[in-house]
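> Have a peek at protein.pdb (PDB, C-alpha atoms).
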ATOM      1  CA  MET A   1      99.917  96.817  57.421
ATOM      2  CA  THR A   2      98.121  93.638  56.530
ATOM      3  CA  GLY A   3      94.911  92.018  57.343
ATOM      4  CA  GLY A   4      93.050  95.204  58.102
ATOM      5  CA  PRO A   5      89.668  95.925  56.719
ATOM      6  CA  GLY A   6      91.143  98.018  54.019
ATOM      7  CA  ASP A   7      93.792  95.590  52.952
ATOM      8  CA  GLY A   8      92.258  93.848  50.066
ATOM      9  CA  GLY A   9      94.212  91.170  48.351
ATOM     10  CA  PRO A  10      94.598  90.854  44.665
ATOM     11  CA  ALA A  11      92.030  88.128  44.392
ATOM     12  CA  GLU A  12      89.426  90.310  45.977
ATOM     13  CA  PRO A  13      86.578  91.746  43.942
ATOM     14  CA  PRO A  14      86.660  95.216  42.461
ATOM     15  CA  ALA A  15      85.583  97.936  44.835
ATOM     16  CA  ARG A  16      84.727 100.410  42.113
ATOM     17  CA  ASP A  17      81.723  98.295  41.288
ATOM     18  CA  GLN A  18      80.947  98.060  44.907
ATOM     19  CA  ALA A  19      81.291 101.734  45.522
ATOM     20  CA  ALA A  20      79.094 102.516  42.579
ATOM     21  CA  THR A  21      76.258 100.247  43.479
ATOM     22  CA  GLY A  22      76.507  99.702  47.176
ATOM     23  CA  GLY A  23      75.806  96.128  46.284
ATOM     24  CA  PRO A  24      77.877  93.018  46.118
ATOM     25  CA  PRO A  25      81.165  93.026  44.283
ATOM     26  CA  GLY A  26      80.838  92.681  40.588
ATOM     27  CA  ASP A  27      77.285  93.965  40.636
ATOM     28  CA  GLY A  28      77.920  96.869  38.370
ATOM     29  CA  ARG A  29      74.341  97.172  37.093
ATOM     30  CA  PRO A  30      72.729 100.568  37.281
ATOM     31  CA  PRO A  31      69.373 100.830  39.022
ATOM     32  CA  ALA A  32      66.469  99.896  36.819
ATOM     33  CA  THR A  33      64.981 102.778  34.884
ATOM     34  CA  GLY A  34      61.865 104.246  36.398
ATOM     35  CA  ARG A  35      62.533 103.544  40.033
ATOM     36  CA  LEU A  36      64.198 105.618  42.651
ATOM     37  CA  PRO A  37      67.512 104.522  44.100
ATOM     38  CA  THR A  38      67.208 102.842  47.450
ATOM     39  CA  ILE A  39      69.245 103.648  50.514
ATOM     40  CA  GLY A  40      72.885 102.841  49.973
ATOM     41  CA  GLU A  41      72.415 102.784  46.254
ATOM     42  CA  PRO A  42      73.665 105.799  44.310
ATOM     43  CA  PRO A  43      71.768 107.260  41.369
ATOM     44  CA  ALA A  44      72.113 105.609  38.017
ATOM     45  CA  GLY A  45      75.274 106.393  36.221
ATOM     46  CA  GLU A  46      77.171 107.393  39.325
ATOM     47  CA  ASP A  47      80.611 105.900  39.406
ATOM     48  CA  ALA A  48      83.413 105.719  41.889
ATOM     49  CA  GLY A  49      85.819 108.202  40.486
ATOM     50  CA  PRO A  50      87.824 111.024  41.997
ATOM     51  CA  GLY A  51      84.845 111.928  44.113
ATOM     52  CA  HIS A  52      84.909 108.520  45.667
ATOM     53  CA  GLY A  53      86.250 109.873  48.957
ATOM     54  CA  ALA A  54      83.470 112.429  49.133
ATOM     55  CA  THR A  55      80.965 109.679  48.503
ATOM     56  CA  ALA A  56      82.533 107.728  51.302
ATOM     57  CA  LEU A  57      82.316 110.714  53.608
ATOM     58  CA  ALA A  58      78.672 111.207  52.756
ATOM     59  CA  ALA A  59      77.971 107.531  53.245
ATOM     60  CA  GLY A  60      79.669 107.643  56.606
ATOM     61  CA  ARG A  61      77.062 110.044  57.892
ATOM     62  CA  ALA A  62      74.205 107.652  57.406
ATOM     63  CA  GLY A  63      73.131 104.536  59.191
ATOM     64  CA  PRO A  64      73.486 103.238  62.736
ATOM     65  CA  GLY A  65      76.675 102.886  64.682
ATOM     66  CA  GLN A  66      78.251 105.937  63.078
ATOM     67  CA  VAL A  67      80.907 106.399  65.738
ATOM     68  CA  ALA A  68      81.938 102.762  65.693
ATOM     69  CA  THR A  69      82.043 102.858  61.914
ATOM     70  CA  ALA A  70      84.173 105.984  61.902
ATOM     71  CA  LEU A  71      86.598 104.396  64.345
ATOM     72  CA  THR A  72      86.910 101.421  62.016
ATOM     73  CA  GLY A  73      88.758 103.639  59.573
ATOM     74  CA  LEU A  74      91.280 104.548  62.244
ATOM     75  CA  ARG A  75      92.354 100.909  62.467
ATOM     76  CA  GLU A  76      94.206 101.370  59.201
ATOM     77  CA  PRO A  77      97.894 101.988  59.980
ATOM     78  CA  VAL A  78      98.202 104.177  56.893
ATOM     79  CA  VAL A  79      95.423 106.423  58.177
ATOM     80  CA  VAL A  80      97.083 106.793  61.569
ATOM     81  CA  ILE A  81     100.427 107.591  59.914
ATOM     82  CA  LEU A  82      98.796 110.220  57.687
ATOM     83  CA  LEU A  83      97.105 111.858  60.661
ATOM     84  CA  LEU A  84     100.406 111.901  62.569
ATOM     85  CA  ILE A  85     102.149 113.453  59.567
ATOM     86  CA  ALA A  86      99.370 116.045  59.359
ATOM     87  CA  PHE A  87      99.833 116.923  63.022
ATOM     88  CA  PHE A  88     103.635 117.182  62.939
ATOM     89  CA  THR A  89     103.587 119.049  59.624
ATOM     90  CA  TRP A  90     101.096 121.527  61.025
ATOM     91  CA  ILE A  91     103.055 122.263  64.195
ATOM     92  CA  SER A  92     106.295 122.599  62.241
ATOM     93  CA  GLY A  93     104.916 125.591  60.374
ATOM     94  CA  LYS A  94     103.538 123.987  57.189
ATOM     95  CA  PRO A  95      99.777 124.296  57.615
ATOM     96  CA  LEU A  96      98.986 123.700  53.934
ATOM     97  CA  ASP A  97     100.779 120.340  54.004
ATOM     98  CA  GLY A  98      99.021 119.527  57.248
ATOM     99  CA  VAL A  99      95.576 120.304  55.896
ATOM    100  CA  LEU A 100      96.155 118.236  52.751
ATOM    101  CA  MET A 101      97.383 115.271  54.782
ATOM    102  CA  LEU A 102      94.405 115.645  57.091
ATOM    103  CA  VAL A 103      91.951 115.689  54.192
ATOM    104  CA  VAL A 104      93.439 112.564  52.653
ATOM    105  CA  GLY A 105      93.703 110.782  56.016
ATOM    106  CA  VAL A 106      90.072 111.500  56.929
ATOM    107  CA  SER A 107      88.847 110.558  53.437
ATOM    108  CA  LEU A 108      90.808 107.324  53.577
ATOM    109  CA  ALA A 109      89.443 106.551  57.041
ATOM    110  CA  ALA A 110      85.898 107.156  55.817
ATOM    111  CA  ASP A 111      86.548 105.001  52.776
ATOM    112  CA  ALA A 112      87.939 102.175  54.899
ATOM    113  CA  ALA A 113      84.992 102.473  57.281
ATOM    114  CA  ARG A 114      82.531 102.358  54.409
ATOM    115  CA  GLN A 115      84.269  99.293  53.005
ATOM    116  CA  ALA A 116      84.144  97.632  56.399
ATOM    117  CA  ARG A 117      80.438  98.381  56.711
ATOM    118  CA  HIS A 118      79.700  96.900  53.326
ATOM    119  CA  GLY A 119      81.982  93.975  54.052
ATOM    120  CA  GLY A 120      84.104  94.425  50.959
ATOM    121  CA  PRO A 121      87.703  95.225  50.250
ATOM    122  CA  PRO A 122      88.709  98.533  48.705
ATOM    123  CA  GLU A 123      90.552  97.166  45.743
ATOM    124  CA  SER A 124      89.820  98.139  42.231
ATOM    125  CA  ARG A 125      90.576  96.540  38.933
ATOM    126  CA  PRO A 126      91.882  93.015  39.183
ATOM    127  CA  ALA A 127      94.471  91.775  36.786
ATOM    128  CA  GLY A 128      93.109  90.930  33.407
ATOM    129  CA  SER A 129      89.971  93.019  33.556
ATOM    130  CA  GLY A 130      91.269  96.357  32.384
ATOM    131  CA  PRO A 131      90.651  97.655  28.930
ATOM    132  CA  GLN A 132      94.379  97.872  28.333
ATOM    133  CA  ASP A 133      94.735  94.112  28.535
ATOM    134  CA  SER A 134      92.830  93.629  25.330
ATOM    135  CA  ALA A 135      94.393  96.715  23.774
ATOM    136  CA  ALA A 136      97.719  95.153  23.090
ATOM    137  CA  ALA A 137      97.243  95.690  19.403
ATOM    138  CA  PRO A 138     100.300  96.932  17.568
ATOM    139  CA  ALA A 139      98.316  99.974  16.428
ATOM    140  CA  THR A 140      98.360 101.345  19.956
ATOM    141  CA  ALA A 141     102.107 100.951  20.391
ATOM    142  CA  GLY A 142     102.872 104.020  18.324
ATOM    143  CA  ARG A 143     100.304 106.053  20.180
ATOM    144  CA  ARG A 144     101.762 104.996  23.505
ATOM    145  CA  ARG A 145     105.219 105.982  22.345
ATOM    146  CA  SER A 146     103.930 109.396  21.305
ATOM    147  CA  LEU A 147     102.191 109.773  24.642
ATOM    148  CA  ALA A 148     105.381 108.813  26.494
ATOM    149  CA  LEU A 149     107.364 111.386  24.511
ATOM    150  CA  ALA A 150     104.744 114.048  25.199
ATOM    151  CA  LEU A 151     104.832 113.232  28.907
ATOM    152  CA  LEU A 152     108.615 113.374  28.889
ATOM    153  CA  ALA A 153     108.590 116.768  27.191
ATOM    154  CA  GLY A 154     105.939 118.005  29.597
ATOM    155  CA  GLY A 155     107.976 116.735  32.529
ATOM    156  CA  CYS A 156     111.101 118.534  31.311
ATOM    157  CA  LEU A 157     109.141 121.743  30.881
ATOM    158  CA  TYR A 158     107.615 121.294  34.330
ATOM    159  CA  VAL A 159     110.938 120.872  36.138
ATOM    160  CA  LEU A 160     112.517 123.798  34.288
ATOM    161  CA  VAL A 161     109.628 126.194  34.853
ATOM    162  CA  VAL A 162     108.758 125.201  38.407
ATOM    163  CA  GLY A 163     112.450 124.978  39.281
ATOM    164  CA  SER A 164     112.878 128.573  38.218
ATOM    165  CA  PHE A 165     110.555 129.738  40.976
ATOM    166  CA  SER A 166     111.922 130.285  44.450
ATOM    167  CA  ARG A 167     110.956 127.743  47.069
ATOM    168  CA  TYR A 168     107.859 128.310  49.178
ATOM    169  CA  SER A 169     106.546 130.904  46.729
ATOM    170  CA  TRP A 170     103.007 130.667  45.406
ATOM    171  CA  PRO A 171     104.184 130.082  41.802
ATOM    172  CA  ALA A 172     106.082 127.040  43.059
ATOM    173  CA  THR A 173     103.333 125.950  45.415
ATOM    174  CA  VAL A 174     100.468 125.843  42.917
ATOM    175  CA  PRO A 175     101.988 123.417  40.352
ATOM    176  CA  VAL A 176     103.403 121.146  43.053
ATOM    177  CA  VAL A 177     100.056 120.950  44.880
ATOM    178  CA  ALA A 178      98.249 120.463  41.564
ATOM    179  CA  LEU A 179     100.469 117.602  40.447
ATOM    180  CA  GLY A 180     100.348 115.945  43.870
ATOM    181  CA  THR A 181      96.560 116.165  43.869
ATOM    182  CA  VAL A 182      96.263 114.712  40.364
ATOM    183  CA  VAL A 183      98.515 111.769  41.243
ATOM    184  CA  VAL A 184      96.701 110.993  44.502
ATOM    185  CA  VAL A 185      93.293 111.211  42.842
ATOM    186  CA  THR A 186      94.543 108.962  40.045
ATOM    187  CA  GLY A 187      95.773 106.475  42.632
ATOM    188  CA  TRP A 188      92.436 106.612  44.380
ATOM    189  CA  ARG A 189      90.634 105.514  41.233
ATOM    190  CA  GLY A 190      92.788 102.430  40.936
ATOM    191  CA  PRO A 191      96.017 101.192  39.424
ATOM    192  CA  ARG A 192      96.771 102.415  35.927
ATOM    193  CA  HIS A 193      97.556  98.949  34.717
ATOM    194  CA  SER A 194      96.129  95.599  35.565
ATOM    195  CA  ARG A 195      98.833  93.312  36.787
ATOM    196  CA  PRO A 196      99.368  89.765  37.950
ATOM    197  CA  ALA A 197      98.597  88.996  41.535
ATOM    198  CA  PRO A 198     101.608  89.977  43.658
ATOM    199  CA  VAL A 199     103.266  87.118  45.379
ATOM    200  CA  LYS A 200     103.215  87.023  49.143
ATOM    201  CA  LEU A 201     106.414  88.670  50.318
ATOM    202  CA  PRO A 202     108.392  87.277  53.243
ATOM    203  CA  ALA A 203     107.344  89.009  56.442
ATOM    204  CA  ILE A 204     110.889  89.255  57.728
ATOM    205  CA  GLY A 205     111.997  91.100  54.615
ATOM    206  CA  LEU A 206     109.072  93.519  54.781
ATOM    207  CA  ALA A 207     109.795  94.076  58.463
ATOM    208  CA  LEU A 208     113.422  94.924  57.698
ATOM    209  CA  TRP A 209     112.414  97.477  55.057
ATOM    210  CA  GLY A 210     109.879  98.889  57.489
ATOM    211  CA  LEU A 211     112.557  99.109  60.141
ATOM    212  CA  VAL A 212     114.816 101.150  57.853
ATOM    213  CA  LEU A 213     111.937 103.475  56.987
ATOM    214  CA  VAL A 214     110.925 103.962  60.606
ATOM    215  CA  ALA A 215     114.542 104.497  61.683
ATOM    216  CA  GLY A 216     114.931 107.217  59.068
ATOM    217  CA  CYS A 217     111.712 108.913  60.148
ATOM    218  CA  LEU A 218     112.655 108.776  63.830
ATOM    219  CA  TRP A 219     116.127 110.144  63.124
ATOM    220  CA  GLU A 220     114.608 113.020  61.166
ATOM    221  CA  LEU A 221     112.117 113.605  63.974
ATOM    222  CA  SER A 222     114.889 113.666  66.580
ATOM    223  CA  ALA A 223     116.738 116.289  64.514
ATOM    224  CA  LEU A 224     113.538 118.291  64.192
ATOM    225  CA  LEU A 225     112.968 118.200  67.941
ATOM    226  CA  GLY A 226     116.618 119.140  68.510
ATOM    227  CA  GLN A 227     116.136 122.463  66.762
ATOM    228  CA  PRO A 228     115.747 125.622  68.888
ATOM    229  CA  THR A 229     112.136 125.731  67.702
ATOM    230  CA  LEU A 230     110.233 123.588  65.249
ATOM    231  CA  THR A 231     110.364 126.336  62.641
ATOM    232  CA  THR A 232     114.007 127.361  63.186
ATOM    233  CA  SER A 233     116.645 125.226  61.508
ATOM    234  CA  SER A 234     119.727 124.192  63.416
ATOM    235  CA  TYR A 235     123.272 123.494  62.246
ATOM    236  CA  ALA A 236     123.852 121.183  65.177
ATOM    237  CA  HIS A 237     120.740 119.104  64.489
ATOM    238  CA  PRO A 238     120.126 119.406  60.758
ATOM    239  CA  THR A 239     116.992 117.938  59.261
ATOM    240  CA  ILE A 240     117.062 116.660  55.691
ATOM    241  CA  SER A 241     115.469 119.932  54.627
ATOM    242  CA  THR A 242     118.309 121.879  56.218
ATOM    243  CA  LEU A 243     120.919 119.677  54.584
ATOM    244  CA  THR A 244     119.345 120.113  51.160
ATOM    245  CA  ASP A 245     118.959 123.889  51.438
ATOM    246  CA  PRO A 246     122.215 124.644  49.572
ATOM    247  CA  VAL A 247     121.203 122.407  46.678
ATOM    248  CA  LEU A 248     117.687 123.775  46.500
ATOM    249  CA  SER A 249     118.845 127.380  46.550
ATOM    250  CA  THR A 250     119.802 127.221  42.863
ATOM    251  CA  TRP A 251     117.640 126.821  39.769
ATOM    252  CA  ALA A 252     119.617 123.815  38.584
ATOM    253  CA  GLY A 253     119.442 122.149  41.979
ATOM    254  CA  ARG A 254     115.702 122.663  42.258
ATOM    255  CA  SER A 255     115.157 121.367  38.721
ATOM    256  CA  ILE A 256     117.235 118.247  39.360
ATOM    257  CA  VAL A 257     115.413 117.480  42.612
ATOM    258  CA  LEU A 258     112.067 118.116  40.919
ATOM    259  CA  ALA A 259     113.074 115.742  38.118
ATOM    260  CA  GLY A 260     113.855 113.074  40.711
ATOM    261  CA  TRP A 261     110.529 113.722  42.421
ATOM    262  CA  LEU A 262     108.670 113.430  39.117
ATOM    263  CA  GLY A 263     110.549 110.274  38.207
ATOM    264  CA  LEU A 264     109.748 108.669  41.535
ATOM    265  CA  GLY A 265     106.101 109.630  41.138
ATOM    266  CA  TRP A 266     105.990 108.074  37.687
ATOM    267  CA  PHE A 267     107.664 104.933  38.991
ATOM    268  CA  LEU A 268     105.047 104.651  41.746
ATOM    269  CA  VAL A 269     102.084 105.308  39.483
ATOM    270  CA  GLU A 270     103.314 102.617  37.126
ATOM    271  CA  ARG A 271     103.506  99.982  39.895
TER     272      ARG A 271
ATOM    273  CA  MET B 272     132.877 114.710  66.043
ATOM    274  CA  ASN B 273     130.143 117.210  66.877
ATOM    275  CA  THR B 274     126.386 116.793  66.931
ATOM    276  CA  HIS B 275     126.110 117.974  63.318
ATOM    277  CA  ASP B 276     128.402 115.181  62.185
ATOM    278  CA  VAL B 277     126.587 112.629  64.312
ATOM    279  CA  THR B 278     123.253 113.673  62.842
ATOM    280  CA  VAL B 279     124.543 113.463  59.279
ATOM    281  CA  LEU B 280     126.165 110.125  60.082
ATOM    282  CA  GLY B 281     122.794 108.847  61.258
ATOM    283  CA  TYR B 282     121.212 109.680  57.903
ATOM    284  CA  LEU B 283     124.073 107.975  56.106
ATOM    285  CA  VAL B 284     123.689 104.856  58.243
ATOM    286  CA  VAL B 285     120.001 104.657  57.383
ATOM    287  CA  LEU B 286     120.793 105.139  53.698
ATOM    288  CA  LEU B 287     123.514 102.502  53.870
ATOM    289  CA  ALA B 288     121.118 100.090  55.572
ATOM    290  CA  GLY B 289     118.732 100.521  52.649
ATOM    291  CA  VAL B 290     121.520  99.867  50.148
ATOM    292  CA  VAL B 291     122.624  96.760  52.053
ATOM    293  CA  LEU B 292     119.066  95.431  52.139
ATOM    294  CA  GLN B 293     118.707  95.978  48.399
ATOM    295  CA  LEU B 294     121.996  94.206  47.750
ATOM    296  CA  LEU B 295     120.991  91.317  49.980
ATOM    297  CA  ALA B 296     117.687  91.119  48.142
ATOM    298  CA  THR B 297     119.190  91.080  44.666
ATOM    299  CA  ARG B 298     122.524  89.314  45.173
ATOM    300  CA  THR B 299     121.700  86.647  47.738
ATOM    301  CA  ARG B 300     118.904  84.225  48.506
ATOM    302  CA  ALA B 301     118.009  85.994  51.747
ATOM    303  CA  PRO B 302     114.250  86.262  52.333
ATOM    304  CA  ILE B 303     114.303  89.963  51.568
ATOM    305  CA  PRO B 304     112.292  91.379  48.672
ATOM    306  CA  PRO B 305     113.911  94.053  46.498
ATOM    307  CA  LEU B 306     112.558  97.550  46.913
ATOM    308  CA  GLY B 307     110.696  97.414  43.602
ATOM    309  CA  LYS B 308     108.688  94.407  44.785
ATOM    310  CA  VAL B 309     108.000  96.111  48.091
ATOM    311  CA  PHE B 310     106.549  99.077  46.223
ATOM    312  CA  ALA B 311     104.517  96.788  43.968
ATOM    313  CA  TRP B 312     103.165  95.096  47.095
ATOM    314  CA  ALA B 313     102.448  98.444  48.699
ATOM    315  CA  MET B 314     100.555  99.646  45.642
ATOM    316  CA  SER B 315      98.339  96.567  45.460
ATOM    317  CA  THR B 316      95.571  97.866  47.732
ATOM    318  CA  ARG B 317      93.918 101.233  47.737
ATOM    319  CA  THR B 318      94.796 102.137  51.313
ATOM    320  CA  ARG B 319      98.480 101.417  50.928
ATOM    321  CA  ARG B 320      98.591 102.897  47.438
ATOM    322  CA  ILE B 321      97.126 106.173  48.655
ATOM    323  CA  GLY B 322      99.503 106.146  51.609
ATOM    324  CA  VAL B 323     102.520 105.784  49.319
ATOM    325  CA  LEU B 324     101.313 108.394  46.837
ATOM    326  CA  VAL B 325     100.503 110.866  49.589
ATOM    327  CA  ALA B 326     103.963 110.340  51.062
ATOM    328  CA  TRP B 327     105.395 111.114  47.637
ATOM    329  CA  ALA B 328     103.231 114.220  47.287
ATOM    330  CA  TRP B 329     104.210 115.316  50.786
ATOM    331  CA  VAL B 330     107.893 115.276  49.814
ATOM    332  CA  GLY B 331     107.218 117.716  46.984
ATOM    333  CA  LEU B 332     105.077 119.914  49.180
ATOM    334  CA  HIS B 333     107.605 119.859  51.977
ATOM    335  CA  PHE B 334     110.524 120.969  49.845
ATOM    336  CA  PHE B 335     108.810 123.373  47.458
ATOM    337  CA  ALA B 336     105.367 124.491  48.620
ATOM    338  CA  ARG B 337     104.697 127.164  51.178
TER     339      ARG B 337
END
As structure tokens, what does this structure read like?

Amino acid sequence: MTGGPGDGGPAEPPARDQAATGGPPGDGRPPATGRLPTIGEPPAGEDAGPGHGATALAAGRAGPGQVATALTGLREPVVVILLLIAFFTWISGKPLDGVLMLVVGVSLAADAARQARHGGPPESRPAGSGPQDSAAAPATAGRRRSLALALLAGGCLYVLVVGSFSRYSWPATVPVVALGTVVVVTGWRGPRHSRPAPVKLPAIGLALWGLVLVAGCLWELSALLGQPTLTTSSYAHPTISTLTDPVLSTWAGRSIVLAGWLGLGWFLVER
Amino acid sequence: MNTHDVTVLGYLVVLLAGVVLQLLATRTRAPIPPLGKVFAWAMSTRTRRIGVLVAWAWVGLHFFAR
């Protein structure tokens, strides 16, 4: 998980500049007026936003060594994990999940490959450079509080309304996919807040957390493979989905789980 | 104890392991970071951040979306 081409450290230069200009980090100047953009340089005014992945995909089609460059993206462990999730999700009867995972995995691979080709890390805003750092004026505190209250009210409405729909129905699917997409696209643009450089965590501790995560995934996978078929649940080998079915069969249960999901998402976005 | 119980026990063991790690991280001087710091570390690069957020989105899709 570390040291790969896509693993930029906190001290590394912003990639949004890089993505926008194709030039060196920090070179955020637009092309001079009156001249055409050169190869690898996007048109003036183009920025690395939500379409950043698409830009990366387009960039991946140009230049020599395309295959080698594309394979560079596959060196990212996260990309491999996403592609594995896409595969297992697809064969377990959830093609929509599989396609979404595949899209993100391929976009991330292309992005990592593009970063490797340009020799830069894919990190965005460093600590201290965001507009919010200088916006610590007391005048904004009230506005932030109002925004937080509005988000809280919206979240409550979301969990109550979406929780009222039965699982796996289109009315439940659309808002969940929409919110997931918004959060991932937001994460792609960069962290919401600038923050101090994270300290280097002890490798043994990270390995232990990773071990717990992998053990949980493997245990779930073994239960999935123990089912009569991948799409038929089993009492003898219950997956987490099977175990949570009774809770998620009620409006209150669905709303509570959705509230937890929203809260976790907010916690992650705020990291 | 049947296979259902064993399977559920396995999930509980994994959950308990996570709780123990968090306690070790916050209550002792063991070289184990608390989960919050692990997430902060994970969110510090784009690749890992997207991986974490996609995993979160996948949970919602898995339990609610068709």
> Select all residues from chain B having any atom no more than 7 Å from an atom of chain A (counting all atoms listed in the file, ignoring ligands), output as a PyMOL selection string.
chain B and resi 274-275+278+282+285+288-289+302-304+311-312+314-322+324-325+327-329+331-332+334-337
> Have a look at CA of Ser92 in chain A and CA of Val277 in chain B and let me know their distance in Å, one decimal.
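Answer for the CA of Ser92 in chain A to CA of Val277 in chain B separation: 22.7 Å.
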> To one decimal in Å, tell me the separation between CA of Ala326 in chain B and CA of Trp266 in chain A.
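Going from CA of Ala326 in chain B over to CA of Trp266 in chain A, I get 13.7 Å.
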